[in-house]
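Here the structure is laid out as C-alpha cells; the discussion comes afterwards.
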Amino acid sequence: MMHPFVSLDGLRRPQQSWVDTTSSRGLCLLALDDRHGKSSRRGASLPQYLYSDVIAPFLQFHGLQPGQLYALGGRNEDQEPLDNVEMFDTWHGCWMTCPSMMRQRAGSSAASLPDGRLLVVGGYDDRGIVAGLLDSCEVFDPAKQVWTESAAKLQRRRWGHGCALLDGCVYCAGGCSLRDGSPAHEAFMETLRSCEVFNPVVGTWVSCPDLNIGRAGARVVALGDHHLAVVGGCDDVFGRAELLQSVELLDIRQPSAGWALLGQQLSTPRTTAAVAALDDHQILIIGGAPSLASAEVYTVRDKNPSLEGADMPPAANVSSMDEGRMGCQAACLKLPSDGKDFPVCDRRCVVVVGGESGDDEEAQIRQFSSVLVYDVDGGKWLPADSFPPIPTPRTAMALCVAPGLIKGHL
C-alpha cells in the first residue's frame, strides 16, 4: 500500500508513486523524530518544508525513467511471430509486461525517438516471410502506455534489417524483401542494399545511400555523433550463401560519399549476431549464425576509411559464451557493480538477450530465456544468474534502450 506523505503542518500532500512502498511512512517517521529531538543529528530541527518539498519529491517517480530495456516481438519455438513487449526495470531489477504491439512482428527493428517514444520498424507478421512482409511502423508512448500506428510507411517492405538513431533520425539498412513487381513467392525474395532514414520532425521515410553489399541479418549501430556502422549479415535471404565478415561505415555529414567498405574484417563471418557499440570506435560482436559462441571487439581506427586499410591489425578476441546462440540482440546497459544492488547501476555492461541454438535444419532448435551479461570494464562474462531471464523466450526480436515507466509508477 502506498501512503501519502503528510507534512507536520497538517497538510496532506497529493499521493504520488514512491521509490519504495515504505518511503512515505519512513519519511514521516524521520520528520517526526527530528521534530521531537530524537534524531542523532545535533542542532536545530530541519524546516518541515525540506521534508515535504525537497526530500519527498526526490523519493517519488514523477515520470519516465531513462535507461530501460525493451524486448519487442520476435518469434517463438513454433516459428510464430509475437506481439509481446517486455521491459526490464533497471530500478527494481525485474522484467515487466508492457502493452502488446498492434501487430505480431518478427525480424523487425526498433529505436528510441528523441522525444522518448519507441519506433518499431517493419518485420513480418503471422502470414509469413513473404505474404506477411510489413512496411508499417508502430510507435509506443511509454508515458501513456499506448501503441499507435505510424502514418509514415517504409518505402520498401522489409524484415531482417537493422535500425539505429543518430542525430535525431532513425536509419534503417538492409534486410529482405520481394523484388519490385514480383509475385508473392519465396523464389522472388532478395537481400537488400537499400537504406532509408526517418526524420520525426518531417514524419516521412526517405531513401539514403545504398550499402555496397546486400545484407540480411546485419546489425546497425551508431558510433559517436556522425557515423553509422553496419556489421556482418548474409548476402542470401535464407543464409545458404556466404556469411559476411565485412563492416560498412557511413558519415551522415557526407551522405553523397556513401557507405565505405572497411578494409579490416571481422575475425569470423557472422549474421544475426548480438552487436553493441562500446564507444565511438569499438563494437562488441557476440555469437550469430550458425550458433556461434565466439565474441570479438571490432575497432574502427579511421573515421574516413578506405579499402587500403588492410594493414590494420586483426579484430581483438574476447572470451566466448558458454553456449552458441544466433538470432540474439545486444544492448549497452548500466548494471550494479559487485556487492551493489539495483538501482545503483554504475557498471558498464552489454546484455545479450534472446536467440536460439541449432546448427542446421535437422538440429533441435531451442530458444533462450537466459540473458548473458558481459562486464565491459572488467572484460569478463558475469555468472549466468547475474540477470533475470526474459519471461518470453524468443528469437528475431527487436531490442531497444529507452525511457519507461518503472514498477513504482504503474
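Here, A, B, ... name the chains of the C-alpha cells in the order displayed, residue numbers run from 1 inside each chain, and ligands are numbered from 1 in the same displayed order.
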**OP:** Using only C-alpha atoms, determine which residues lie at most 8 Å from range 285-292 of chain A, disregarding the query and same-chain residues fewer than 4 positions distant; provide the list as a ChimeraX atom specification.
**Re:** /A:270-276,296-298,321,323-328,356-360
Go ahead and dump the residues you just picked, C-alpha atoms, as a CSV table (one decimal), in the first residue's frame.
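Final output, saved to result27.csv:
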chain,number,residue,atom,x,y,z
A,270,ARG,CA,28.5,-13.7,-38.7
A,271,THR,CA,24.8,-13.0,-39.3
A,272,THR,CA,22.0,-12.4,-36.7
A,273,ALA,CA,24.7,-11.7,-34.1
A,274,ALA,CA,24.4,-9.6,-30.9
A,275,VAL,CA,26.1,-6.3,-31.6
A,276,ALA,CA,26.6,-3.2,-29.4
A,296,GLU,CA,35.2,-10.2,-30.6
A,297,VAL,CA,35.8,-6.4,-30.4
A,298,TYR,CA,36.0,-4.6,-33.7
A,321,MET,CA,29.9,-17.6,-24.4
A,323,GLU,CA,26.9,-21.9,-25.5
A,324,GLY,CA,26.4,-20.6,-29.0
A,325,ARG,CA,23.3,-18.6,-30.0
A,326,MET,CA,22.0,-16.9,-33.1
A,327,GLY,CA,19.1,-14.5,-33.7
A,328,CYS,CA,20.1,-12.7,-30.5
A,356,GLU,CA,18.3,-19.8,-30.3
A,357,SER,CA,20.6,-22.8,-30.8
A,358,GLY,CA,20.7,-25.2,-33.7
A,359,ASP,CA,23.3,-25.6,-36.4
A,360,ASP,CA,21.2,-26.8,-39.2
Any chance you could tabulate, as JSON lines, the residues of range 200-313 of chain A at most 10 Å from range 166-171 of chain A with each one's nearest atom pair and distance in Å to one decimal, using only C-alpha atoms, in chain and rising number order?
{"residue": "A:Pro200", "atom": "CA", "partner": "A:Cys169", "partner_atom": "CA", "distance": 6.7}
{"residue": "A:Val201", "atom": "CA", "partner": "A:Cys169", "partner_atom": "CA", "distance": 8.9}
{"residue": "A:Trp205", "atom": "CA", "partner": "A:Val170", "partner_atom": "CA", "distance": 9.1}
{"residue": "A:Val206", "atom": "CA", "partner": "A:Tyr171", "partner_atom": "CA", "distance": 9.8}
{"residue": "A:Ser207", "atom": "CA", "partner": "A:Tyr171", "partner_atom": "CA", "distance": 9.7}
{"residue": "A:Cys208", "atom": "CA", "partner": "A:Tyr171", "partner_atom": "CA", "distance": 8.6}
{"residue": "A:Val220", "atom": "CA", "partner": "A:Tyr171", "partner_atom": "CA", "distance": 8.5}
{"residue": "A:Val221", "atom": "CA", "partner": "A:Leu166", "partner_atom": "CA", "distance": 9.0}
{"residue": "A:Ala222", "atom": "CA", "partner": "A:Leu166", "partner_atom": "CA", "distance": 6.3}
{"residue": "A:Leu223", "atom": "CA", "partner": "A:Leu166", "partner_atom": "CA", "distance": 8.7}
{"residue": "A:Gly224", "atom": "CA", "partner": "A:Leu166", "partner_atom": "CA", "distance": 8.6}
{"residue": "A:Asp225", "atom": "CA", "partner": "A:Asp167", "partner_atom": "CA", "distance": 6.6}
{"residue": "A:His226", "atom": "CA", "partner": "A:Leu166", "partner_atom": "CA", "distance": 7.1}
{"residue": "A:His227", "atom": "CA", "partner": "A:Leu166", "partner_atom": "CA", "distance": 7.9}
{"residue": "A:Leu228", "atom": "CA", "partner": "A:Leu166", "partner_atom": "CA", "distance": 7.8}
{"residue": "A:Ile252", "atom": "CA", "partner": "A:Leu166", "partner_atom": "CA", "distance": 8.6}
Where does range 122-145 of chain A meet range 182-191 of chain A within 12 Å, residue by residue, with the nearest atom pair and distance in Å to one decimal for each, counting only C-alpha atoms, listed by chain and rising number, as a tab-separated table?
residue	atom	partner	partner_atom	distance
A:Arg127	CA	A:Ala184	CA	11.5
A:Gly128	CA	A:Glu186	CA	10.2
A:Ile129	CA	A:Glu186	CA	8.1
A:Val130	CA	A:Ala184	CA	6.0
A:Ala131	CA	A:Ala184	CA	6.2
A:Gly132	CA	A:Ala184	CA	9.6
A:Leu133	CA	A:Ala184	CA	9.6
**OP:** Can you work out which one of A:Ala396, A:Cys195, A:Leu284, A:Ala164 has the shortest atom-to-atom distance to Gln367 in chain A, counting only C-alpha atoms?
**Re:**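 Answer, going by the shortest atom-to-atom distance: A:Ala396.
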**OP:** Name all residues at most 8 Å from Glu77 in chain A (count only C-alpha atoms; drop same-chain ones fewer than 3 positions away) and give them as a list in words.
**Re:**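 Surrounding residues, per the criterion: Glu80, Ile365, Arg366, Gln367 and Arg394 of chain A.
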Subject >> Contacts of range 138-150 of chain A within 10 Å, only C-alpha atoms, excl. fewer than 6 positions in-chain, as a list of chain:residue names >> reply: A:Gly63, A:Leu64, A:Gln65, A:Cys98, A:Pro99, A:Ser100, A:Met101, A:Met102, A:Arg103, A:Ala110, A:Ala111, A:Ser112, A:Leu113, A:Asp115, A:Gly116, A:Arg117, A:Leu118, A:Leu119, A:Val120, A:Val121, A:Gly122, A:Gly203, A:Thr204, A:Ala402, A:Pro403, A:Gly404, A:Leu405, A:Ile406, A:Leu410
Original post:
Do you have the CA of Ala398 in chain A-CA of Leu266 in chain A distance handy?
Top reply: 23.0 Å
Enumerate as a PDB file with C-alpha atoms, in the first residue's frame all residues of range 100-336 of chain A assigned to helix (DSSP H, G or I) by DSSP on the backbone, naming them with the chain letters and numbers the document uses.
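Contents of states.pdb, freshly written:
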ATOM      1  CA  GLU A 186       9.856 -17.169 -51.839  1.00  0.00           C
ATOM      2  CA  ALA A 187      11.678 -17.577 -55.147  1.00  0.00           C
ATOM      3  CA  PHE A 188      11.461 -13.814 -55.688  1.00  0.00           C
ATOM      4  CA  PRO A 255      25.869  11.201 -47.417  1.00  0.00           C
ATOM      5  CA  SER A 256      26.950  11.740 -51.007  1.00  0.00           C
ATOM      6  CA  ALA A 257      30.164   9.849 -50.226  1.00  0.00           C
ATOM      7  CA  GLY A 309      43.111  -0.041 -44.718  1.00  0.00           C
ATOM      8  CA  ALA A 310      44.051  -3.716 -44.957  1.00  0.00           C
ATOM      9  CA  ASP A 311      47.190  -3.139 -42.869  1.00  0.00           C
TER      10      ASP A 311
END
